[in-house]
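Shown below: entry_24.txt, with compact mmCIF, C-alpha atoms.
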```txt
# COMPACT_ATOMS: atom_id res chain seq x y z
CA MET A 1 -42.52 41.81 19.03
CA THR A 2 -45.40 42.75 21.35
CA LEU A 3 -47.19 45.93 20.32
CA VAL A 4 -48.82 48.33 22.73
CA ASN A 5 -52.29 49.80 22.35
CA GLU A 6 -51.09 53.21 21.22
CA HIS A 7 -54.43 54.84 22.00
CA TYR A 8 -53.36 54.80 25.66
CA LEU A 9 -50.46 57.05 24.71
CA LYS A 10 -52.89 59.81 23.75
CA LEU A 11 -54.11 60.17 27.34
CA ARG A 12 -53.45 63.49 28.99
CA ALA A 13 -56.08 63.98 31.67
CA GLY A 14 -54.51 61.33 33.93
CA TYR A 15 -51.96 63.88 35.09
CA LEU A 16 -54.47 65.66 37.37
CA PHE A 17 -54.43 63.58 40.54
CA PRO A 18 -50.77 62.48 40.27
CA GLU A 19 -49.87 66.16 39.90
CA ILE A 20 -51.96 67.05 42.95
CA GLY A 21 -50.20 64.28 44.87
CA ARG A 22 -46.78 65.50 43.74
CA ARG A 23 -47.42 69.08 44.84
CA VAL A 24 -48.87 68.02 48.19
CA GLN A 25 -45.94 65.69 48.84
CA ALA A 26 -43.41 68.40 48.02
CA PHE A 27 -45.17 70.92 50.26
CA SER A 28 -45.51 68.45 53.14
CA ALA A 29 -41.83 67.50 52.92
CA ALA A 30 -40.83 71.16 53.17
CA ASN A 31 -43.46 71.97 55.82
CA PRO A 32 -43.86 68.86 58.01
CA GLN A 33 -45.77 70.75 60.70
CA ALA A 34 -48.47 72.00 58.34
CA LYS A 35 -51.92 70.53 58.95
CA ILE A 36 -53.49 70.04 55.53
CA LEU A 37 -57.29 69.99 55.40
CA ARG A 38 -58.69 68.11 52.42
CA LEU A 39 -61.79 69.37 50.65
CA GLY A 40 -60.79 67.91 47.30
CA ILE A 41 -61.54 64.33 48.21
CA GLY A 42 -64.33 62.54 46.35
CA ASP A 43 -64.32 59.73 48.90
CA VAL A 44 -66.68 59.52 51.87
CA THR A 45 -65.51 59.74 55.48
CA ARG A 46 -68.48 58.49 57.54
CA PRO A 47 -68.65 54.76 58.38
CA LEU A 48 -71.15 52.34 56.89
CA PRO A 49 -74.64 52.46 58.43
CA PRO A 50 -75.21 49.99 61.31
CA ALA A 51 -77.99 48.22 59.39
CA VAL A 52 -75.55 47.55 56.56
CA ILE A 53 -72.88 46.18 58.92
CA LYS A 54 -75.44 43.96 60.65
CA ALA A 55 -76.61 42.51 57.34
CA MET A 56 -73.07 41.95 56.13
CA HIS A 57 -72.13 40.11 59.33
CA ARG A 58 -75.15 37.87 58.90
CA ALA A 59 -74.20 37.11 55.31
CA VAL A 60 -70.59 36.36 56.23
CA GLU A 61 -71.81 33.93 58.88
CA GLU A 62 -73.95 32.24 56.23
CA MET A 63 -70.83 31.76 54.14
CA GLY A 64 -69.27 29.89 57.04
CA ARG A 65 -71.99 27.25 57.27
CA GLU A 66 -72.28 24.38 54.81
CA GLU A 67 -76.05 24.58 54.53
CA THR A 68 -76.03 28.32 53.67
CA PHE A 69 -72.70 28.66 51.84
CA ARG A 70 -72.84 30.22 48.36
CA GLY A 71 -70.32 29.94 45.56
CA TYR A 72 -70.60 31.75 42.27
CA GLY A 73 -73.63 33.98 42.15
CA PRO A 74 -75.44 35.31 39.09
CA GLU A 75 -73.15 37.74 37.30
CA GLN A 76 -76.00 40.20 36.83
CA GLY A 77 -76.82 40.21 40.56
CA TYR A 78 -79.03 38.41 43.04
CA ARG A 79 -82.75 38.83 42.54
CA PHE A 80 -83.33 39.85 46.18
CA LEU A 81 -81.27 43.02 45.63
CA ILE A 82 -82.63 43.75 42.16
CA ASP A 83 -86.19 43.57 43.47
CA GLU A 84 -85.39 46.09 46.23
CA ILE A 85 -83.82 48.46 43.71
CA ILE A 86 -86.80 48.32 41.39
CA GLU A 87 -89.32 48.82 44.18
CA HIS A 88 -87.61 51.69 46.02
CA ASP A 89 -85.60 53.51 43.36
CA TYR A 90 -88.00 53.21 40.43
CA GLN A 91 -91.54 52.05 41.24
CA ALA A 92 -91.66 54.67 44.00
CA ARG A 93 -91.16 57.27 41.25
CA GLY A 94 -93.63 55.77 38.82
CA VAL A 95 -91.06 53.90 36.72
CA SER A 96 -91.57 50.23 35.86
CA LEU A 97 -88.60 47.98 35.10
CA ASP A 98 -88.17 44.26 34.52
CA PRO A 99 -85.66 42.45 36.75
CA ASP A 100 -83.48 41.54 33.76
CA GLU A 101 -83.04 45.24 32.95
CA VAL A 102 -81.03 45.85 36.16
CA PHE A 103 -77.40 44.71 36.44
CA ILE A 104 -75.55 44.78 39.77
CA SER A 105 -71.88 45.78 39.54
CA ASP A 106 -68.90 46.81 41.63
CA GLY A 107 -69.06 50.49 40.73
CA ALA A 108 -70.59 53.11 38.47
CA LYS A 109 -67.08 54.12 37.42
CA CYS A 110 -66.50 50.62 36.06
CA ASP A 111 -69.80 50.54 34.21
CA CYS A 112 -69.44 54.05 32.79
CA GLY A 113 -66.05 53.01 31.49
CA ASN A 114 -67.04 49.58 30.21
CA ILE A 115 -70.32 50.49 28.51
CA GLN A 116 -68.49 51.94 25.52
CA GLU A 117 -67.43 48.39 24.55
CA LEU A 118 -70.93 47.84 23.17
CA PHE A 119 -70.52 50.53 20.53
CA ALA A 120 -68.52 50.74 17.31
CA THR A 121 -65.45 52.95 17.36
CA GLU A 122 -66.95 54.93 14.47
CA ASN A 123 -69.57 56.43 16.79
CA SER A 124 -69.21 60.10 17.64
CA VAL A 125 -69.17 61.01 21.33
CA ALA A 126 -70.47 64.11 23.12
CA VAL A 127 -69.47 65.10 26.66
CA ALA A 128 -70.12 68.04 28.90
CA ASP A 129 -67.09 70.23 29.61
CA PRO A 130 -66.01 70.15 32.43
CA VAL A 131 -66.65 66.45 32.88
CA TYR A 132 -65.87 63.37 34.97
CA PRO A 133 -62.64 62.21 33.24
CA VAL A 134 -63.67 58.53 32.91
CA TYR A 135 -66.12 59.29 30.12
CA VAL A 136 -63.42 60.79 27.92
CA ASP A 137 -60.47 58.61 28.88
CA THR A 138 -62.16 55.29 28.21
CA ASN A 139 -63.17 56.41 24.73
CA VAL A 140 -59.60 57.52 24.09
CA MET A 141 -58.36 54.09 25.20
CA ALA A 142 -60.81 52.40 22.85
CA GLY A 143 -59.58 54.35 19.84
CA ARG A 144 -62.74 56.39 19.39
CA THR A 145 -60.86 59.71 19.38
CA GLY A 146 -57.93 61.46 17.81
CA PRO A 147 -55.09 63.13 19.73
CA ALA A 148 -55.62 66.00 22.16
CA ASP A 149 -54.92 69.59 21.20
CA ASP A 150 -53.06 72.16 23.28
CA HIS A 151 -56.22 72.84 25.29
CA GLY A 152 -56.75 69.18 26.15
CA ARG A 153 -59.66 68.60 23.77
CA TYR A 154 -59.52 65.32 21.87
CA ALA A 155 -60.31 65.19 18.18
CA ARG A 156 -63.61 63.47 17.32
CA ILE A 157 -65.16 64.28 20.69
CA TYR A 158 -67.93 66.88 20.71
CA TYR A 159 -67.41 69.10 23.76
CA MET A 160 -70.44 70.86 25.22
CA PRO A 161 -69.21 73.81 27.33
CA CYS A 162 -70.94 74.11 30.70
CA ILE A 163 -70.21 77.63 31.85
CA GLU A 164 -71.72 80.33 33.99
CA THR A 165 -73.69 81.92 31.14
CA ASN A 166 -75.63 78.71 30.41
CA GLY A 167 -76.10 77.70 34.04
CA PHE A 168 -73.49 74.94 33.66
CA LEU A 169 -75.95 72.92 31.57
CA PRO A 170 -74.86 71.45 28.22
CA ARG A 171 -76.71 72.60 25.13
CA LEU A 172 -77.99 70.22 22.48
CA PRO A 173 -75.45 69.52 19.72
CA GLU A 174 -75.99 71.48 16.55
CA GLY A 175 -75.51 68.36 14.45
CA ARG A 176 -75.71 64.64 15.02
CA VAL A 177 -73.77 62.72 17.67
CA ASP A 178 -74.21 59.05 18.56
CA LEU A 179 -73.23 58.65 22.23
CA ILE A 180 -74.02 61.38 24.77
CA TYR A 181 -72.73 61.32 28.34
CA LEU A 182 -74.84 63.23 30.86
CA CYS A 183 -74.28 63.45 34.62
CA PHE A 184 -76.86 64.96 37.00
CA PRO A 185 -76.42 66.02 39.71
CA ASN A 186 -73.16 66.92 38.05
CA ASN A 187 -69.64 66.09 39.06
CA PRO A 188 -67.80 68.50 39.22
CA THR A 189 -70.13 71.54 38.94
CA GLY A 190 -73.02 70.38 41.16
CA ALA A 191 -75.52 71.51 38.52
CA VAL A 192 -78.87 69.74 38.10
CA ALA A 193 -81.26 69.37 35.19
CA GLU A 194 -85.01 69.94 35.40
CA GLY A 195 -87.54 67.73 33.67
CA LYS A 196 -87.82 70.05 30.67
CA ASP A 197 -84.05 69.96 30.20
CA LEU A 198 -83.95 66.17 30.25
CA GLN A 199 -86.97 65.94 27.96
CA ALA A 200 -85.08 67.95 25.35
CA TRP A 201 -82.22 65.43 25.51
CA VAL A 202 -84.55 62.46 25.25
CA ASP A 203 -86.33 64.02 22.27
CA TYR A 204 -82.99 64.72 20.60
CA ALA A 205 -81.74 61.16 21.17
CA ARG A 206 -84.92 59.61 19.77
CA ARG A 207 -84.91 61.95 16.79
CA GLN A 208 -81.26 61.31 15.96
CA GLY A 209 -81.10 57.63 16.92
CA ALA A 210 -78.52 58.48 19.60
CA THR A 211 -77.94 56.80 22.98
CA LEU A 212 -77.89 58.71 26.28
CA LEU A 213 -75.43 57.42 28.89
CA TYR A 214 -76.88 58.91 32.05
CA ASP A 215 -74.79 58.95 35.24
CA SER A 216 -77.02 59.58 38.25
CA ALA A 217 -74.57 58.46 40.94
CA TYR A 218 -75.48 61.50 43.08
CA GLU A 219 -79.27 61.41 42.74
CA ALA A 220 -79.74 60.74 46.48
CA PHE A 221 -78.35 64.21 47.23
CA ILE A 222 -81.17 65.99 45.38
CA THR A 223 -83.09 68.17 47.84
CA GLU A 224 -85.56 69.94 45.53
CA ASP A 225 -88.73 68.06 44.56
CA ARG A 226 -88.80 69.58 41.05
CA ILE A 227 -85.58 67.78 40.05
CA PRO A 228 -85.93 64.27 38.52
CA HIS A 229 -83.91 61.51 40.18
CA SER A 230 -83.90 59.22 37.15
CA ILE A 231 -83.82 59.76 33.41
CA TYR A 232 -86.65 57.25 33.20
CA GLU A 233 -89.02 59.74 34.81
CA ILE A 234 -88.90 61.41 31.39
CA PRO A 235 -91.29 60.03 28.72
CA GLY A 236 -89.45 58.14 26.00
CA ALA A 237 -86.21 57.70 27.95
CA LYS A 238 -86.53 53.91 28.17
CA GLU A 239 -86.13 53.83 24.39
CA CYS A 240 -82.81 55.71 24.29
CA ALA A 241 -81.08 55.87 27.70
CA ILE A 242 -78.86 53.73 29.91
CA GLU A 243 -78.63 54.79 33.56
CA PHE A 244 -75.78 54.29 36.04
CA ARG A 245 -76.24 54.42 39.81
CA SER A 246 -74.04 53.75 42.80
CA LEU A 247 -74.17 53.11 46.53
CA SER A 248 -70.66 54.54 46.95
CA LYS A 249 -71.57 58.08 48.01
CA THR A 250 -75.20 57.33 48.88
CA ALA A 251 -74.50 54.72 51.57
CA GLY A 252 -70.73 54.88 52.03
CA PHE A 253 -69.87 51.90 49.81
CA THR A 254 -66.70 53.40 48.31
CA GLY A 255 -64.62 50.70 49.99
CA THR A 256 -67.31 48.01 49.80
CA ARG A 257 -68.16 48.35 46.09
CA CYS A 258 -71.72 48.01 44.87
CA ALA A 259 -73.59 49.81 42.11
CA TYR A 260 -75.98 49.01 39.31
CA THR A 261 -76.74 49.86 35.71
CA VAL A 262 -80.16 49.88 34.06
CA VAL A 263 -80.30 48.84 30.40
CA PRO A 264 -83.92 48.79 29.20
CA LYS A 265 -84.73 46.17 26.60
CA ALA A 266 -86.16 48.84 24.30
CA VAL A 267 -82.75 50.52 23.87
CA VAL A 268 -81.11 49.37 20.64
CA ALA A 269 -78.15 50.15 18.43
CA HIS A 270 -77.73 49.09 14.83
CA THR A 271 -75.37 47.10 12.69
CA ALA A 272 -73.82 48.58 9.55
CA ALA A 273 -76.63 46.81 7.69
CA LYS A 274 -79.17 48.77 9.83
CA LYS A 275 -80.31 45.74 11.84
CA ALA A 276 -81.46 46.66 15.35
CA VAL A 277 -79.56 44.97 18.19
CA SER A 278 -80.68 44.94 21.83
CA LEU A 279 -78.12 46.65 24.07
CA ASN A 280 -79.63 44.80 27.02
CA GLN A 281 -78.62 41.49 25.48
CA LEU A 282 -75.16 42.75 24.63
CA TRP A 283 -74.56 44.11 28.13
CA HIS A 284 -75.78 40.82 29.60
CA ARG A 285 -73.30 38.97 27.40
CA ARG A 286 -70.50 41.35 28.27
CA GLN A 287 -71.10 41.05 32.03
CA THR A 288 -71.46 37.27 32.04
CA THR A 289 -68.26 36.98 30.01
CA LYS A 290 -66.02 39.50 31.78
CA PHE A 291 -67.49 39.92 35.26
CA ASN A 292 -68.04 37.40 38.06
CA GLY A 293 -70.50 39.49 40.02
CA VAL A 294 -70.50 41.33 43.34
CA SER A 295 -69.94 39.15 46.40
CA TYR A 296 -72.94 37.76 48.25
CA PRO A 297 -72.17 39.54 51.58
CA VAL A 298 -71.90 42.89 49.79
CA GLN A 299 -75.21 42.40 47.98
CA VAL A 300 -76.93 41.43 51.24
CA ALA A 301 -75.47 44.58 52.79
CA ALA A 302 -76.71 46.63 49.83
CA ALA A 303 -80.23 45.24 50.19
CA ALA A 304 -80.23 46.43 53.82
CA VAL A 305 -79.96 50.01 52.52
CA TYR A 306 -83.59 49.68 51.37
CA GLY A 307 -85.02 48.52 54.70
CA GLU A 308 -86.67 51.03 57.01
CA GLU A 309 -83.70 51.09 59.37
CA GLY A 310 -81.25 51.31 56.50
CA LYS A 311 -83.12 54.10 54.73
CA SER A 312 -83.18 56.17 57.92
CA GLN A 313 -79.48 55.71 58.54
CA VAL A 314 -78.55 56.46 54.93
CA ARG A 315 -80.64 59.62 55.09
CA GLN A 316 -78.60 60.69 58.11
CA LEU A 317 -75.38 60.18 56.15
CA ILE A 318 -76.63 62.24 53.23
CA ASP A 319 -77.92 64.98 55.55
CA TYR A 320 -74.50 65.13 57.24
CA TYR A 321 -72.69 65.69 53.95
CA MET A 322 -75.28 68.15 52.68
CA GLU A 323 -74.91 70.16 55.89
CA ASN A 324 -71.20 70.32 55.07
CA ALA A 325 -72.14 71.54 51.60
CA ARG A 326 -74.41 74.21 53.10
CA ILE A 327 -71.61 75.39 55.39
CA ILE A 328 -69.13 75.62 52.52
CA ARG A 329 -71.54 77.34 50.16
CA ASN A 330 -72.94 79.85 52.66
CA THR A 331 -69.61 80.76 54.21
CA LEU A 332 -67.94 81.35 50.86
CA THR A 333 -70.95 83.29 49.56
CA LEU A 334 -70.80 85.62 52.57
CA ALA A 335 -67.12 86.13 51.79
CA ARG A 336 -68.20 87.26 48.28
CA PHE A 337 -66.92 84.29 46.33
CA SER A 338 -68.95 83.23 43.30
CA VAL A 339 -70.23 79.80 44.32
CA TYR A 340 -72.33 77.18 42.50
CA GLY A 341 -73.64 73.72 43.36
CA GLY A 342 -73.92 72.47 46.92
CA ILE A 343 -77.74 72.49 46.98
CA ASN A 344 -78.63 69.25 45.18
CA ALA A 345 -75.10 67.85 45.09
CA PRO A 346 -72.18 67.30 47.49
CA TYR A 347 -69.85 69.37 45.31
CA ILE A 348 -69.27 73.13 45.33
CA TRP A 349 -68.01 74.75 42.13
CA LEU A 350 -66.08 77.86 43.09
CA LYS A 351 -64.99 80.62 40.73
CA THR A 352 -61.36 81.43 41.44
CA PRO A 353 -60.95 84.99 42.74
CA ARG A 354 -58.89 87.82 41.25
CA GLY A 355 -58.56 86.07 37.88
CA LEU A 356 -56.31 83.33 39.26
CA SER A 357 -55.93 80.18 37.18
CA SER A 358 -57.20 76.93 38.65
CA TRP A 359 -53.67 75.73 39.45
CA ASP A 360 -52.53 79.09 40.85
CA PHE A 361 -55.52 79.04 43.19
CA PHE A 362 -54.66 75.45 44.13
CA ASP A 363 -51.12 76.51 45.05
CA LEU A 364 -52.38 79.52 46.98
CA LEU A 365 -54.71 77.44 49.12
CA LEU A 366 -52.15 74.70 49.66
CA THR A 367 -49.20 76.89 50.60
CA GLN A 368 -50.98 79.65 52.54
CA ALA A 369 -54.24 78.15 53.82
CA HIS A 370 -53.07 74.51 53.92
CA VAL A 371 -56.34 73.50 52.27
CA LEU A 372 -56.57 70.99 49.43
CA GLY A 373 -59.15 71.17 46.64
CA THR A 374 -59.30 70.18 42.96
CA PRO A 375 -58.38 72.53 40.08
CA GLY A 376 -61.32 72.88 37.71
CA SER A 377 -59.11 72.71 34.63
CA GLY A 378 -58.44 69.06 35.46
CA PHE A 379 -62.03 68.29 34.47
CA GLY A 380 -61.74 69.89 31.04
CA PRO A 381 -60.83 73.17 29.34
CA SER A 382 -64.08 74.88 30.38
CA GLY A 383 -63.17 74.19 34.00
CA GLU A 384 -60.32 76.69 33.87
CA GLY A 385 -60.87 79.49 36.36
CA TYR A 386 -62.92 77.26 38.67
CA PHE A 387 -62.23 75.01 41.62
CA ARG A 388 -64.08 72.01 43.06
CA LEU A 389 -64.63 71.57 46.79
CA SER A 390 -66.13 68.42 48.27
CA ALA A 391 -68.58 68.09 51.15
CA PHE A 392 -67.45 64.56 52.04
CA GLY A 393 -65.09 65.61 54.85
CA HIS A 394 -65.46 65.66 58.62
CA ARG A 395 -67.55 68.53 59.99
CA GLU A 396 -64.86 70.18 62.12
CA GLN A 397 -62.30 70.06 59.32
CA THR A 398 -64.83 71.41 56.85
CA GLU A 399 -65.61 74.38 59.06
CA GLU A 400 -61.93 75.11 59.67
CA ALA A 401 -61.06 74.73 56.00
CA VAL A 402 -63.60 77.26 54.73
CA THR A 403 -62.54 79.70 57.45
CA ARG A 404 -58.96 79.41 56.22
CA ILE A 405 -60.05 79.89 52.59
CA CYS A 406 -61.95 83.06 53.45
CA SER A 407 -59.10 84.55 55.49
CA THR A 408 -56.52 83.72 52.82
CA ALA A 409 -58.13 84.13 49.43
CA SER A 410 -61.27 86.25 49.61
CA PRO A 411 -62.01 88.32 46.49
```
Reformat the file's structure so that it appears as C-alpha cells.
Amino acid sequence: MTLVNEHYLKLRAGYLFPEIGRRVQAFSAANPQAKILRLGIGDVTRPLPPAVIKAMHRAVEEMGREETFRGYGPEQGYRFLIDEIIEHDYQARGVSLDPDEVFISDGAKCDCGNIQELFATENSVAVADPVYPVYVDTNVMAGRTGPADDHGRYARIYYMPCIETNGFLPRLPEGRVDLIYLCFPNNPTGAVAEGKDLQAWVDYARRQGATLLYDSAYEAFITEDRIPHSIYEIPGAKECAIEFRSLSKTAGFTGTRCAYTVVPKAVVAHTAAKKAVSLNQLWHRRQTTKFNGVSYPVQVAAAAVYGEEGKSQVRQLIDYYMENARIIRNTLTLARFSVYGGINAPYIWLKTPRGLSSWDFFDLLLTQAHVLGTPGSGFGPSGEGYFRLSAFGHREQTEEAVTRICSTASP
C-alpha cells in the first residue's frame, strides 16, 4: 500500500487563489458584460526589454549552429552571468562575493521553497505575519510544523505580527528560533527595513546561531537611498544570511524564469554532534543533484539586463510600475483610505474601510466596482482587515480601477 506524505494534508493557505478564482468565475458567469480590472495580479504586464530579446535571439541562433551549440550547462549557472551579477548587484554596493557563492536558478520562489531541505526538521521557524505563503507552506510540507489552528497559525512556527502599530516590521523573537524568513521590500505590505533594523536581525542571528533567509526579490523597486538593497550591506550578514533575488519583476522574466541565490561560504549549520557544515557546499550538492540549470538562451538574456542598454530599459520598466504605484497610493490617500507601501515596493497595502473583513471588501470591489485585489487575510492572520493591490497592471486600467474603488468604497 502506497502511503501519502500526510504533512501535505495540513495545508490550509492554498485555498486563497483557488477561492479568488472561484468567486471571480461565479461573478463573471452571472455578469458576462462586466469588465473586471485586475489589481491583485503579482505578474508583470510589460514585455521583455528589447536588449533582452536581442540577446536571446542571438543565443538561440548559437544553439542552431554546430560550432556554437551547447548541451548541459553548469547547474549552478554560467560564469558570464554570475560575473555580471557580482559586479553590478554587489560590488557596486561595496559587497564582495566569490563566483561559487552565487547560484543561478529558475525562480526565487523555487529557491525559497527548496532551501529548507538543507535544515533538520527539528529546527524552529520564524516568519513575518502577513507573509508570502511559500515560506510557511514548504515547511509544512517538510514536516517542520504541527497542524494549523482556527486562525490559520501552524504549531511550531513562530509568527511575528507585522501590523500598523509596529510599522509592519517584525520584532525580534523573545526566545531562540533557528530559521528566520525576512522579505524586504515586503510582499504583501510593501514595508522596507532600514540598515539599523537589518543590523538588529544580523546581530540576533549571530548571537543565537540562527540563519536568516532573506528574500530581496523586489530590491530594484527601492527608491530611497537610505534603504539597503542587500542584506550583505550589513556587517556580519555573510556569516548568517542567505539571499534570494529574481529577475521576474525586475526585468519581466516571470515567463522566462531566471533568478539567483547567494549562499556565502561562511554560513554554516551544525550536526547533532555540533560539527559545523558549510551550507554553500550543501546547496551546491542539492542543486547539482536535483536541478539541471537554467537554459543557455535565458542566461544570455539575463546577462543583457546588466549592459548599459539593458539597464536603461529595465529602469524604464520599473519606473512604469512605480508610477502605477504612485497613482494608486495618492488617489486612495486623497479619498481618505489608510494606505501603506507603494513607495519602495510595487505593492500597496490598504486598510479595509468601515471595518469590513478582507473577504467582504474583496466581494464589495468585485461585485460593485468590478475590481480584483487580494484579501490580506490570505497572507496570514495579521493580514485580516487589509487588502493588497498590485502596481503591475496597465496604466489605463490602473487609473480606471482606483477611480472605481474610490467611487464605490471610500471610507
First collect every listed atom of segment 304-314 of chain A; then fit an axis-aligned box around them, widen it by 5 Å on each side, and give centre and edge lengths in Å to one decimal, as AutoDock Vina command-line options.
```
--center_x -82.6 --center_y 51.4 --center_z 55.4 --size_x 18.1 --size_y 20.0 --size_z 18.0
```
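Close contacts of Ala26 of chain A, defined as residues with an atom at most 12 Å away when counting only C-alpha atoms, with chain neighbours fewer than 6 positions off set aside, comprise Glu19, Ile20, Pro32, Asp363, Leu366 and Thr367 of chain A.
Proximity of A:Arg144, A:His229, A:Lys265, A:Pro49 to Val314 of chain A, computed with only C-alpha atoms, is greatest for A:Pro49.
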Of A:Val24, A:Ala273, A:Leu39, A:Leu334, the one sitting nearest Phe387 of chain A when using all atoms listed in the file is A:Leu39
Could you pull the residues within 8 Å of segment 390-402 of chain A, counting all atoms listed in the file, minus those fewer than 6 positions along the same chain, as a list in words? Leu37, Arg38, Leu39, Gly40, Ile41, Gly42, Asp43, Val44, Thr45, Arg46, Tyr321, Met322, Asn324, Ala325, Ile327, Ile328, Thr331, Leu332, Pro346, Tyr347, Ile348, Ala369, Val371 and Gly373 of chain A
* Quick one: everything within 6 Å of Ala210 of chain A, counting only C-alpha atoms, minus sequence neighbours fewer than 4 positions away in the same chain. Send it as number ranges by chain. => A: 178-179, 205
Need the shell around Asp360 of chain A: protein/DNA/RNA residues with any atom at most 12 Å away, counting all atoms listed in the file. Skip same-chain ones fewer than 4 positions apart. Format as an mmCIF file with C-alpha atoms, keeping the file's coordinate frame?
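For reference, around-v1.cif as written:
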```cif
data_model
loop_
_atom_site.group_PDB
_atom_site.id
_atom_site.type_symbol
_atom_site.label_atom_id
_atom_site.label_comp_id
_atom_site.auth_asym_id
_atom_site.auth_seq_id
_atom_site.Cartn_x
_atom_site.Cartn_y
_atom_site.Cartn_z
ATOM 1 C CA ARG A 23 -47.420 69.080 44.840
ATOM 2 C CA THR A 352 -61.360 81.430 41.440
ATOM 3 C CA PRO A 353 -60.950 84.990 42.740
ATOM 4 C CA ARG A 354 -58.890 87.820 41.250
ATOM 5 C CA GLY A 355 -58.560 86.070 37.880
ATOM 6 C CA LEU A 356 -56.310 83.330 39.260
ATOM 7 C CA LEU A 364 -52.380 79.520 46.980
ATOM 8 C CA LEU A 365 -54.710 77.440 49.120
ATOM 9 C CA LEU A 366 -52.150 74.700 49.660
ATOM 10 C CA THR A 367 -49.200 76.890 50.600
ATOM 11 C CA GLN A 368 -50.980 79.650 52.540
ATOM 12 C CA GLY A 373 -59.150 71.170 46.640
ATOM 13 C CA THR A 374 -59.300 70.180 42.960
ATOM 14 C CA PRO A 375 -58.380 72.530 40.080
ATOM 15 C CA GLY A 376 -61.320 72.880 37.710
ATOM 16 C CA SER A 377 -59.110 72.710 34.630
ATOM 17 C CA GLU A 384 -60.320 76.690 33.870
ATOM 18 C CA GLY A 385 -60.870 79.490 36.360
ATOM 19 C CA TYR A 386 -62.920 77.260 38.670
ATOM 20 C CA PHE A 387 -62.230 75.010 41.620
ATOM 21 C CA ALA A 409 -58.130 84.130 49.430
#
```
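Rounded to one decimal, atom CA of Trp359 of chain A and atom CA of Glu219 of chain A lie 29.5 Å from each other.
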As a check of understanding: the span from atom CA of Glu323 of chain A to atom CA of Ile231 of chain A is 26.3 Å
Pairwise distance for atom CA of Gln287 of chain A and atom CA of Asn139 of chain A, rounded to one decimal in Å:
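These two atoms are separated by 18.8 Å.
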Spatial neighbours of Leu198 of chain A, 9 Å, all atoms listed in the file, chain gap at least 5 places, as a PyMOL selection string:
chain A and resi 193+203+228+231+234
Would you put the residues from that selection into a file with C-alpha atoms, as a PDB file, in the frame of the given file?
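Contents of result.pdb, freshly written:
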```
ATOM      1  CA  ALA A 193     -81.260  69.370  35.190  1.00  0.00           C
ATOM      2  CA  ASP A 203     -86.330  64.020  22.270  1.00  0.00           C
ATOM      3  CA  PRO A 228     -85.930  64.270  38.520  1.00  0.00           C
ATOM      4  CA  ILE A 231     -83.820  59.760  33.410  1.00  0.00           C
ATOM      5  CA  ILE A 234     -88.900  61.410  31.390  1.00  0.00           C
TER       6      ILE A 234
END
```
Min atom-atom distance to Ile82 of chain A from the set A:Gln33, A:Ser278, A:Ser105, A:Asn292, counting only C-alpha atoms, belongs to A:Ser105
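Nearest to Arg207 of chain A of all the residues A:Arg285, A:Arg226, A:Arg176, A:Lys249 is A:Arg176, counting all atoms listed in the file.
Using all atoms listed in the file for every distance, the candidate list A:Arg388, A:Lys10, A:Arg404, A:His284 yields A:His284 as the residue closest to Gln76 of chain A.
Distances from A:Asn114, A:Ala345, A:Val140, A:Ser248 to Phe184 of chain A were compared using all atoms listed in the file, and the smallest one belongs to A:Ala345.
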Report as a Markdown table the residues of segment 25-131 of chain A within 10 Å of segment 158-162 of chain A, each with its shortest atom pair and distance in Å (one decimal), using all atoms listed in the file, ordered by chain and increasing residue number.
```
| residue | atom | partner | partner_atom | distance |
| --- | --- | --- | --- | --- |
| A:Ser124 | CA | A:Tyr158 | CA | 7.6 |
| A:Val125 | CA | A:Tyr158 | CA | 6.0 |
| A:Ala126 | CA | A:Tyr158 | CA | 4.5 |
| A:Val127 | CA | A:Tyr159 | CA | 5.4 |
| A:Ala128 | CA | A:Met160 | CA | 4.6 |
| A:Asp129 | CA | A:Pro161 | CA | 4.7 |
| A:Pro130 | CA | A:Cys162 | CA | 6.6 |
| A:Val131 | CA | A:Cys162 | CA | 9.0 |
```
